[in-house]
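Dropping final.csv in here (CSV, C-alpha atoms and all ligand atoms):
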chain,number,residue,atom,x,y,z
Q,1,MET,CA,19.9,-6.1,8.5
Q,2,GLU,CA,21.1,-8.9,10.8
Q,3,THR,CA,20.5,-8.6,14.5
Q,4,LYS,CA,21.7,-11.3,16.9
Q,5,ASN,CA,19.0,-13.8,16.1
Q,6,ARG,CA,16.9,-12.7,13.2
Q,7,THR,CA,16.6,-10.7,10.0
Q,8,ILE,CA,14.3,-7.7,10.4
Q,9,PHE,CA,11.6,-7.9,7.9
Q,10,PHE,CA,11.2,-4.3,7.0
Q,11,GLU,CA,12.8,-1.2,8.5
Q,12,VAL,CA,13.0,2.5,7.8
Q,13,CYS,CA,16.0,4.3,9.5
Q,14,ASN,CA,16.3,8.1,9.7
Q,15,LEU,CA,14.5,8.7,6.4
Q,16,SER,CA,14.4,12.3,5.2
Q,17,ILE,CA,13.3,14.0,2.0
Q,18,SER,CA,12.6,17.6,1.2
Q,19,PHE,CA,11.0,19.5,-1.7
Q,20,GLY,CA,12.4,23.0,-2.1
Q,21,GLY,CA,12.4,24.3,1.5
Q,22,LEU,CA,9.7,21.8,2.8
Q,23,ASP,CA,10.8,18.8,4.9
Q,24,ALA,CA,8.2,16.3,3.7
Q,25,LEU,CA,9.9,13.6,5.9
Q,26,ASN,CA,12.3,14.4,8.7
Q,27,ASP,CA,14.2,11.6,10.4
Q,28,ILE,CA,11.6,8.9,10.2
Q,29,SER,CA,12.4,5.5,11.7
Q,30,PHE,CA,10.3,2.5,12.4
Q,31,GLU,CA,10.3,-1.3,12.0
Q,32,VAL,CA,7.6,-3.6,10.7
Q,33,HIS,CA,7.3,-7.2,11.8
Q,34,LYS,CA,6.4,-10.0,9.3
Q,35,GLY,CA,2.7,-10.7,9.2
Q,36,GLU,CA,1.4,-7.5,10.9
Q,37,ILE,CA,-0.9,-4.7,9.7
Q,38,PHE,CA,1.2,-1.6,10.4
Q,39,SER,CA,-0.8,1.7,9.8
Q,40,ILE,CA,0.5,5.2,9.2
Q,41,ILE,CA,-1.8,8.0,10.1
Q,42,GLY,CA,-1.6,11.8,10.1
Q,43,PRO,CA,-3.4,14.8,8.8
Q,44,ASN,CA,-3.4,15.8,5.1
Q,45,GLY,CA,0.1,16.7,3.9
Q,46,ALA,CA,1.7,14.9,6.9
Q,47,GLY,CA,4.0,12.9,4.5
Q,48,LYS,CA,2.3,9.5,4.4
Q,49,THR,CA,2.2,9.1,0.6
Q,50,THR,CA,5.7,10.5,0.3
Q,51,LEU,CA,6.8,7.7,2.7
Q,52,PHE,CA,5.3,5.1,0.3
Q,53,ASN,CA,6.8,6.9,-2.7
Q,54,CYS,CA,10.3,6.6,-1.0
Q,55,ILE,CA,9.6,2.9,-0.1
Q,56,ASN,CA,8.6,1.8,-3.6
Q,57,GLY,CA,11.3,3.8,-5.4
Q,58,ILE,CA,9.2,6.7,-6.9
Q,59,TYR,CA,11.2,9.2,-4.8
Q,60,LYS,CA,14.8,9.0,-3.9
Q,61,PRO,CA,15.2,10.0,-0.3
Q,62,ASP,CA,17.8,12.7,0.7
Q,63,GLY,CA,19.0,10.6,3.7
Q,64,GLY,CA,18.4,7.5,5.6
Q,65,HIS,CA,17.9,3.8,4.8
Q,66,ILE,CA,15.0,1.5,3.9
Q,67,ILE,CA,15.7,-2.1,4.5
Q,68,PHE,CA,13.6,-5.0,3.2
Q,69,LYS,CA,14.6,-8.6,4.1
Q,70,GLY,CA,18.1,-7.5,4.9
Q,71,GLN,CA,18.6,-5.5,1.7
Q,72,LYS,CA,18.9,-1.7,1.4
Q,73,ILE,CA,16.3,-0.6,-1.2
Q,74,GLN,CA,16.3,3.2,-0.9
Q,75,GLY,CA,17.0,4.9,-4.2
Q,76,LYS,CA,16.3,1.6,-6.2
Q,77,ARG,CA,13.9,1.7,-9.1
Q,78,PRO,CA,10.2,0.9,-8.6
Q,79,ASP,CA,10.4,-2.3,-10.8
Q,80,TYR,CA,13.4,-3.5,-8.8
Q,81,VAL,CA,11.5,-2.9,-5.5
Q,82,ALA,CA,8.4,-4.7,-6.9
Q,83,ARG,CA,10.5,-7.7,-8.0
Q,84,LEU,CA,11.8,-8.0,-4.4
Q,85,GLY,CA,8.2,-8.4,-3.2
Q,86,ILE,CA,6.8,-5.0,-2.3
Q,87,GLY,CA,3.4,-4.3,-3.9
Q,88,ARG,CA,1.3,-1.2,-3.8
Q,89,THR,CA,-2.1,0.4,-4.4
Q,90,PHE,CA,-2.3,4.2,-5.0
Q,91,GLN,CA,-4.3,7.0,-3.3
Q,92,ASN,CA,-5.7,7.8,-6.8
Q,93,ILE,CA,-6.5,4.6,-8.6
Q,94,GLU,CA,-3.9,3.8,-11.3
Q,95,LEU,CA,-5.4,1.2,-13.6
Q,96,PHE,CA,-5.6,0.8,-17.4
Q,97,THR,CA,-9.2,1.8,-17.8
Q,98,HIS,CA,-9.5,0.6,-21.4
Q,99,MET,CA,-8.4,-2.9,-20.4
Q,100,SER,CA,-10.5,-5.6,-18.7
Q,101,THR,CA,-10.2,-6.6,-15.0
Q,102,MET,CA,-8.5,-9.8,-16.2
Q,103,GLU,CA,-6.0,-7.9,-18.3
Q,104,ASN,CA,-5.2,-5.5,-15.5
Q,105,LEU,CA,-4.6,-8.4,-13.1
Q,106,MET,CA,-2.4,-10.1,-15.7
Q,107,LEU,CA,-0.3,-6.9,-15.8
Q,108,GLY,CA,0.2,-7.3,-12.1
Q,109,ARG,CA,2.2,-10.4,-13.0
Q,110,HIS,CA,4.8,-8.3,-14.7
Q,111,ARG,CA,7.1,-9.0,-11.8
Q,112,TYR,CA,7.4,-12.5,-13.4
Q,113,ILE,CA,7.6,-11.5,-17.1
Q,114,LYS,CA,11.2,-11.6,-18.4
Q,115,ALA,CA,10.9,-8.8,-20.9
Q,116,GLY,CA,10.2,-5.9,-18.6
Q,117,LEU,CA,9.0,-3.2,-21.0
Q,118,LEU,CA,5.5,-1.9,-20.3
Q,119,ARG,CA,4.4,-2.1,-23.9
Q,120,GLY,CA,5.6,-5.7,-24.1
Q,121,ALA,CA,3.7,-6.4,-20.9
Q,122,ILE,CA,0.5,-4.9,-22.2
Q,123,MET,CA,0.7,-6.9,-25.4
Q,124,TRP,CA,1.4,-10.0,-23.3
Q,125,ALA,CA,-1.6,-9.3,-21.0
Q,126,LYS,CA,-3.9,-8.9,-24.0
Q,127,ARG,CA,-2.9,-11.9,-26.1
Q,128,SER,CA,-4.6,-15.2,-26.0
Q,129,PHE,CA,-3.1,-17.1,-23.2
Q,130,ALA,CA,-1.8,-20.1,-25.0
Q,131,GLY,CA,1.7,-21.0,-23.7
Q,132,ARG,CA,2.3,-23.0,-20.6
Q,133,GLU,CA,3.7,-20.0,-18.7
Q,134,GLU,CA,0.7,-17.9,-19.6
Q,135,VAL,CA,-1.6,-20.7,-18.3
Q,136,ALA,CA,0.2,-20.7,-15.0
Q,137,HIS,CA,-0.1,-16.9,-14.7
Q,138,ARG,CA,-3.7,-17.0,-15.7
Q,139,ARG,CA,-4.4,-19.6,-13.0
Q,140,LYS,CA,-2.9,-17.3,-10.4
Q,141,VAL,CA,-5.0,-14.4,-11.6
Q,142,GLU,CA,-8.1,-16.6,-11.5
Q,143,GLU,CA,-7.3,-17.4,-7.8
Q,144,ILE,CA,-7.2,-13.7,-7.1
Q,145,ILE,CA,-10.4,-13.1,-9.0
Q,146,ASP,CA,-12.1,-15.8,-6.8
Q,147,PHE,CA,-10.5,-14.4,-3.6
Q,148,LEU,CA,-11.7,-10.9,-4.2
Q,149,ASP,CA,-15.1,-12.0,-5.7
Q,150,LEU,CA,-14.5,-10.3,-9.0
Q,151,GLN,CA,-15.9,-13.1,-11.3
Q,152,SER,CA,-18.8,-10.9,-12.5
Q,153,VAL,CA,-16.5,-8.2,-13.8
Q,154,ARG,CA,-13.6,-10.2,-15.1
Q,155,ASN,CA,-14.2,-9.3,-18.7
Q,156,LYS,CA,-15.5,-5.8,-18.2
Q,157,PHE,CA,-13.5,-2.7,-19.0
Q,158,VAL,CA,-12.2,-1.3,-15.8
Q,159,GLY,CA,-13.3,2.2,-16.8
Q,160,SER,CA,-16.9,1.1,-16.8
Q,161,LEU,CA,-16.8,-0.2,-13.2
Q,162,PRO,CA,-18.0,1.6,-10.1
Q,163,TYR,CA,-15.3,3.4,-8.1
Q,164,GLY,CA,-15.4,0.8,-5.2
Q,165,THR,CA,-14.9,-2.1,-7.7
Q,166,GLN,CA,-12.0,-0.3,-9.3
Q,167,LYS,CA,-10.3,0.0,-5.9
Q,168,GLN,CA,-10.9,-3.8,-5.6
Q,169,VAL,CA,-9.3,-4.4,-9.0
Q,170,GLU,CA,-6.4,-2.3,-8.0
Q,171,LEU,CA,-6.0,-4.4,-4.9
Q,172,GLY,CA,-6.2,-7.5,-7.1
Q,173,ARG,CA,-3.5,-6.2,-9.4
Q,174,ALA,CA,-1.2,-5.6,-6.4
Q,175,LEU,CA,-1.9,-9.1,-5.1
Q,176,ALA,CA,-1.2,-10.6,-8.6
Q,177,MET,CA,2.4,-9.7,-7.9
Q,178,GLU,CA,2.4,-12.1,-4.9
Q,179,PRO,CA,4.0,-9.5,-2.7
Q,180,GLU,CA,5.4,-10.2,0.7
Q,181,LEU,CA,4.8,-6.6,1.8
Q,182,LEU,CA,1.7,-4.7,0.5
Q,183,LEU,CA,1.4,-0.9,0.7
Q,184,LEU,CA,-2.2,0.3,0.7
Q,185,ASP,CA,-2.7,4.1,0.3
Q,186,GLU,CA,-6.2,4.9,1.5
Q,187,PRO,CA,-7.9,1.8,0.2
Q,188,CYS,CA,-11.3,2.9,1.5
Q,189,SER,CA,-11.3,6.5,0.4
Q,190,GLY,CA,-14.4,7.4,-1.5
Q,191,MET,CA,-16.2,4.2,-0.7
Q,192,ASN,CA,-19.7,3.8,0.7
Q,193,SER,CA,-20.0,1.9,4.0
Q,194,GLU,CA,-20.8,-1.4,2.4
Q,195,GLU,CA,-17.8,-1.2,0.1
Q,196,LYS,CA,-15.7,-0.2,3.1
Q,197,GLN,CA,-16.8,-3.3,5.1
Q,198,ASP,CA,-15.9,-5.5,2.1
Q,199,MET,CA,-12.5,-3.8,1.8
Q,200,ILE,CA,-11.8,-4.3,5.6
Q,201,PHE,CA,-12.8,-7.9,5.3
Q,202,TRP,CA,-10.3,-8.5,2.4
Q,203,ILE,CA,-7.5,-6.6,4.1
Q,204,LYS,CA,-7.9,-8.9,7.2
Q,205,ASP,CA,-8.1,-11.9,4.9
Q,206,ILE,CA,-4.9,-10.9,3.0
Q,207,GLN,CA,-3.2,-10.8,6.4
Q,208,ASP,CA,-4.7,-14.0,7.8
Q,209,ALA,CA,-5.2,-16.3,4.7
Q,210,LEU,CA,-2.3,-15.1,2.5
Q,211,GLY,CA,0.1,-14.2,5.3
Q,212,ILE,CA,1.0,-10.9,3.6
Q,213,THR,CA,2.4,-8.0,5.7
Q,214,ILE,CA,0.5,-4.8,5.2
Q,215,LEU,CA,1.5,-1.1,5.5
Q,216,LEU,CA,-1.7,0.8,5.6
Q,217,ILE,CA,-2.5,4.5,5.1
Q,218,GLU,CA,-6.1,5.4,6.1
Q,219,HIS,CA,-8.0,8.4,7.4
Q,220,ASP,CA,-10.9,6.3,8.8
Q,221,MET,CA,-9.8,6.1,12.4
Q,222,LYS,CA,-12.3,3.6,13.5
Q,223,MET,CA,-11.1,1.2,10.8
Q,224,VAL,CA,-7.4,1.9,11.6
Q,225,MET,CA,-8.0,1.3,15.3
Q,226,ASP,CA,-9.9,-2.0,14.6
Q,227,ILE,CA,-7.6,-3.5,12.0
Q,228,SER,CA,-4.0,-2.4,13.0
Q,229,ASN,CA,-1.5,-4.3,15.0
Q,230,ARG,CA,0.5,-1.2,15.4
Q,231,ILE,CA,0.2,2.4,14.3
Q,232,LEU,CA,2.7,5.2,13.5
Q,233,VAL,CA,1.5,8.8,13.7
Q,234,ILE,CA,3.2,11.5,11.7
Q,235,ASN,CA,2.7,15.2,11.3
Q,236,PHE,CA,4.7,17.7,9.3
Q,237,GLY,CA,7.0,14.9,8.2
Q,238,LYS,CA,7.9,14.0,11.8
Q,239,ILE,CA,7.0,11.1,14.1
Q,240,VAL,CA,4.4,12.0,16.7
Q,241,THR,CA,4.1,8.6,18.3
Q,242,GLU,CA,4.1,4.9,17.6
Q,243,GLY,CA,2.4,2.0,19.4
Q,244,SER,CA,-0.6,-0.3,19.7
Q,245,PRO,CA,-4.1,1.2,18.8
Q,246,GLU,CA,-4.7,1.4,22.6
Q,247,GLU,CA,-1.5,3.4,23.2
Q,248,VAL,CA,-1.8,5.6,20.2
Q,249,GLN,CA,-5.3,6.8,20.8
Q,250,LYS,CA,-4.4,8.0,24.3
Q,251,HIS,CA,-1.6,10.2,23.0
Q,252,PRO,CA,-2.4,13.9,23.7
Q,253,GLU,CA,-1.5,15.1,20.2
Q,254,VAL,CA,-3.6,12.3,18.6
Q,255,LEU,CA,-6.5,13.3,20.8
Q,256,ARG,CA,-6.1,16.9,19.9
Q,257,ALA,CA,-5.7,16.3,16.2
Q,258,TYR,CA,-8.3,13.7,15.7
Q,259,LEU,CA,-10.8,13.9,18.5
Q,260,GLY,CA,-11.1,17.6,19.2
Q,261,GLU,CA,-13.6,18.0,22.0
Q,262,GLN,CA,-15.4,14.7,21.4
Q,263,ASP,CA,-13.9,11.6,22.9
Q,264,ASN,CA,-15.5,9.4,20.2
Q,265,LEU,CA,-13.5,7.7,17.6
Q,266,GLU,CA,-16.5,6.9,15.5
Q,267,ASN,CA,-16.8,10.6,14.6
Q,268,ILE,CA,-13.4,10.9,13.0
Q,269,ALA,CA,-13.1,10.9,9.3
A,1,LIG,N1,6.8,15.8,-5.7
A,1,LIG,C1,6.6,16.8,-4.8
A,1,LIG,N2,6.9,18.0,-5.0
A,1,LIG,C2,6.7,19.0,-4.1
A,1,LIG,N3,6.1,18.8,-2.9
A,1,LIG,C3,5.7,17.5,-2.7
A,1,LIG,C4,5.9,16.5,-3.6
A,1,LIG,N4,5.4,15.3,-3.1
A,1,LIG,C5,4.9,15.7,-1.9
A,1,LIG,N5,5.0,17.0,-1.6
A,1,LIG,C6,4.7,17.7,-0.4
A,1,LIG,O1,5.0,16.9,0.7
A,1,LIG,C7,4.0,17.1,1.7
A,1,LIG,C8,3.5,15.7,2.1
A,1,LIG,O2,2.7,15.2,1.0
A,1,LIG,P1,2.0,13.8,1.1
A,1,LIG,O3,1.3,13.6,-0.2
A,1,LIG,O4,3.0,12.8,1.4
A,1,LIG,O5,1.0,13.9,2.3
A,1,LIG,P2,-0.1,12.9,2.8
A,1,LIG,O6,0.2,12.7,4.2
A,1,LIG,O7,-0.1,11.7,1.9
A,1,LIG,O8,-1.5,13.7,2.7
A,1,LIG,P3,-2.9,13.2,2.3
A,1,LIG,O9,-3.5,12.7,3.6
A,1,LIG,O10,-3.6,14.5,1.9
A,1,LIG,O11,-2.8,12.2,1.2
A,1,LIG,C9,3.0,18.0,1.2
A,1,LIG,O12,3.2,19.3,1.7
A,1,LIG,C10,3.1,17.9,-0.3
A,1,LIG,O13,2.7,19.1,-1.0
A,2,MG,MG,-1.5,10.8,0.7

Transcribe the structure of this file into structure tokens.
Ligand SMILES: Nc1ncnc2c1ncn2[C@@H]1O[C@H](COP(=O)(O)OP(=O)(O)OP(=O)(O)O)[C@@H](O)[C@H]1O
Ligand SMILES: [Mg+2]
Amino acid sequence: METKNRTIFFEVCNLSISFGGLDALNDISFEVHKGEIFSIIGPNGAGKTTLFNCINGIYKPDGGHIIFKGQKIQGKRPDYVARLGIGRTFQNIELFTHMSTMENLMLGRHRYIKAGLLRGAIMWAKRSFAGREEVAHRRKVEEIIDFLDLQSVRNKFVGSLPYGTQKQVELGRALAMEPELLLLDEPCSGMNSEEKQDMIFWIKDIQDALGITILLIEHDMKMVMDISNRILVINFGKIVTEGSPEEVQKHPEVLRAYLGEQDNLENIA
């Protein structure tokens, strides 16, 4: 959408969706600037994943707009949204466990494969990479394997890898799309503290070194406060507040919901 001087990178306007009688999202509006880490927090069932599902086309919202680089994308199919440059990881890992790390990352290149059918893409990811186009895709995937330090597991079946490494592979698959906007749904959930530190490092590096804009859902408040440029707080599908980490953590409802009696962010999970 054009304003006087610039195109807004990503914007959600008055977004609503309900399931039966439940308003999962109710009049949600916010704007994300290019290059920032914009986090979405809120209690279980607040509507965070539903928001991602509306953005990447899994759900069709009942009302409102989602605008990416000047184009309305609400109601568009997931493959269309992916081709425009919005990548995603899932709250529950979604990988092909019987395929190798390399093959899963090659599948992330499907945005660039002309024949869009999944079965065709799987055949393509598994074949010997002979053609010039495949060599170029493979080179890109090798870059991501290096970037995320996945060399030692490149030929291993994903199903055989530890949980934290699978989360890393899923991040790699999303990066293989070369997205401009990356949606990360609880990238650190279920991780031990060492895996979490690595994931935080990579998320920052994706922002700094790759220049990718990130929408992050995460329950670890310390991480969210450390890593985010801005934060949106939602509860029961509605906006509670939005602002910088400093602003958001002073909000009375955030204090009540997350801090309870203890004024200590480190104790929040
Ligand atoms: N397809 C669906 N059908 C019915 N209800 C749904 C559907 N998807 C989401 N909901 C409901 O919408 C509400 C928001 O769910 P959502 O998964 O977005 O929460 P969340 O903020 O991601 O929670 P969590 O932190 O536990 O992941 C919940 O009450 C959920 O049960
Ligand atoms: Mg969720």

### Query
Could you work out how far CA of Glu186 in chain Q lies from CA of Glu218 in chain Q, giving the answer in Å with one decimal?
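Taking CA of Glu218 in chain Q and CA of Glu186 in chain Q, their separation equals 4.6 Å.
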
### Message
When you count only C-alpha atoms, which of these residues is closest to Glu11 in chain Q: Q:Ile73, Q:Val135, Q:Ala176, Q:Ile40?
### Response
Q:Ile73

### Message
Around ligand LIG 1 (chain A), which protein and nucleic acid residues have at least one atom no more than 6 Å from it, if we count all atoms listed in the file? List them as a list in words.
### Response
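Final answer, ordered by chain and number: Phe19, Ala24, Pro43, Asn44, Gly45, Ala46, Gly47, Lys48, Thr49 and Thr50 of chain Q.
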
### Task
Please provide as a PyMOL selection string all residues within 12 Å of Gln74 in chain Q, with the sequence filter that same-chain residues fewer than 4 positions apart are discarded (counting only C-alpha atoms).
chain Q and resi 11-17+51-68+78+80-81

### Task
Find the residues near Ile231 in chain Q: any atom within 12 Å, counting all atoms listed in the file, skip ones fewer than 2 places away on the same chain, and give them as a VMD selection string.
chain Q and resid 30 to 32 36 to 42 214 to 218 221 223 to 229 233 to 234 239 to 249 251 254

#### Entry: Atom pair CA of Phe10 in chain Q / CA of Asn26 in chain Q: separation (Å)
18.8 Å

With a distance cut-off of 10 Å and only C-alpha atoms, select the neighbouring residues of Phe147 in chain Q, excluding the residue or stretch itself and same-chain residues fewer than 6 positions from it, and output the selection as a PDB file with C-alpha atoms, keeping the file's coordinate frame.
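The resulting file, selection.pdb, is reproduced below:
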ATOM      1  CA  VAL Q 141      -5.000 -14.400 -11.600  1.00  0.00           C
ATOM      2  CA  GLY Q 172      -6.200  -7.500  -7.100  1.00  0.00           C
ATOM      3  CA  TRP Q 202     -10.300  -8.500   2.400  1.00  0.00           C
ATOM      4  CA  ASP Q 205      -8.100 -11.900   4.900  1.00  0.00           C
ATOM      5  CA  ILE Q 206      -4.900 -10.900   3.000  1.00  0.00           C
TER       6      ILE Q 206
END

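Minimum atom-to-atom distance to Pro179 in chain Q, evaluated using all atoms listed in the file, belongs to Q:Gly211 out of Q:Gly211, Q:Lys250, Q:Val153, Q:Leu95.
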
### Query
Which is closer to ligand MG 2 (chain A) than all the others in Q:Lys167, Q:Leu105, Q:Arg256, Q:Phe90, using only C-alpha atoms and all ligand atoms?
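Using only C-alpha atoms and all ligand atoms, ligand MG 2 (chain A) sits closest to Q:Phe90.
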
### Query
Quick one: distance from CA of Glu142 in chain Q to CA of Arg154 in chain Q in Å, one decimal?
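Taking CA of Glu142 in chain Q and CA of Arg154 in chain Q, their separation equals 9.2 Å.
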
#### Entry: Residue with smallest distance to ligand MG 2 (chain A) - pool Q:Glu103, Q:Ser152, Q:Thr89, Q:Glu253, counting only C-alpha atoms and all ligand atoms
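The shortest atom-to-atom distance to ligand MG 2 (chain A) comes from Q:Thr89.
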
### Message
Let me make sure I understand: among Q:Gln207, Q:Gln166, Q:Thr213, Q:Thr97, which one has the smallest atom-to-atom distance to Pro187 in chain Q if we use all atoms listed in the file?
### Response
Q:Gln166

### Message
Please determine, counting only C-alpha atoms and all ligand atoms, which residue among Q:Ser160, Q:Ser29, Q:Asn92, Q:Thr165 has the shortest atom-to-atom distance to ligand MG 2 (chain A).
### Response
Q:Asn92

### Task
Excluding Leu148 in chain Q and any residue of its chain fewer than 4 positions from it, enumerate the residues within 9 Å of it, using only C-alpha atoms, and give them as a PyMOL selection string.
chain Q and resi 143-144+168-169+171-172+202
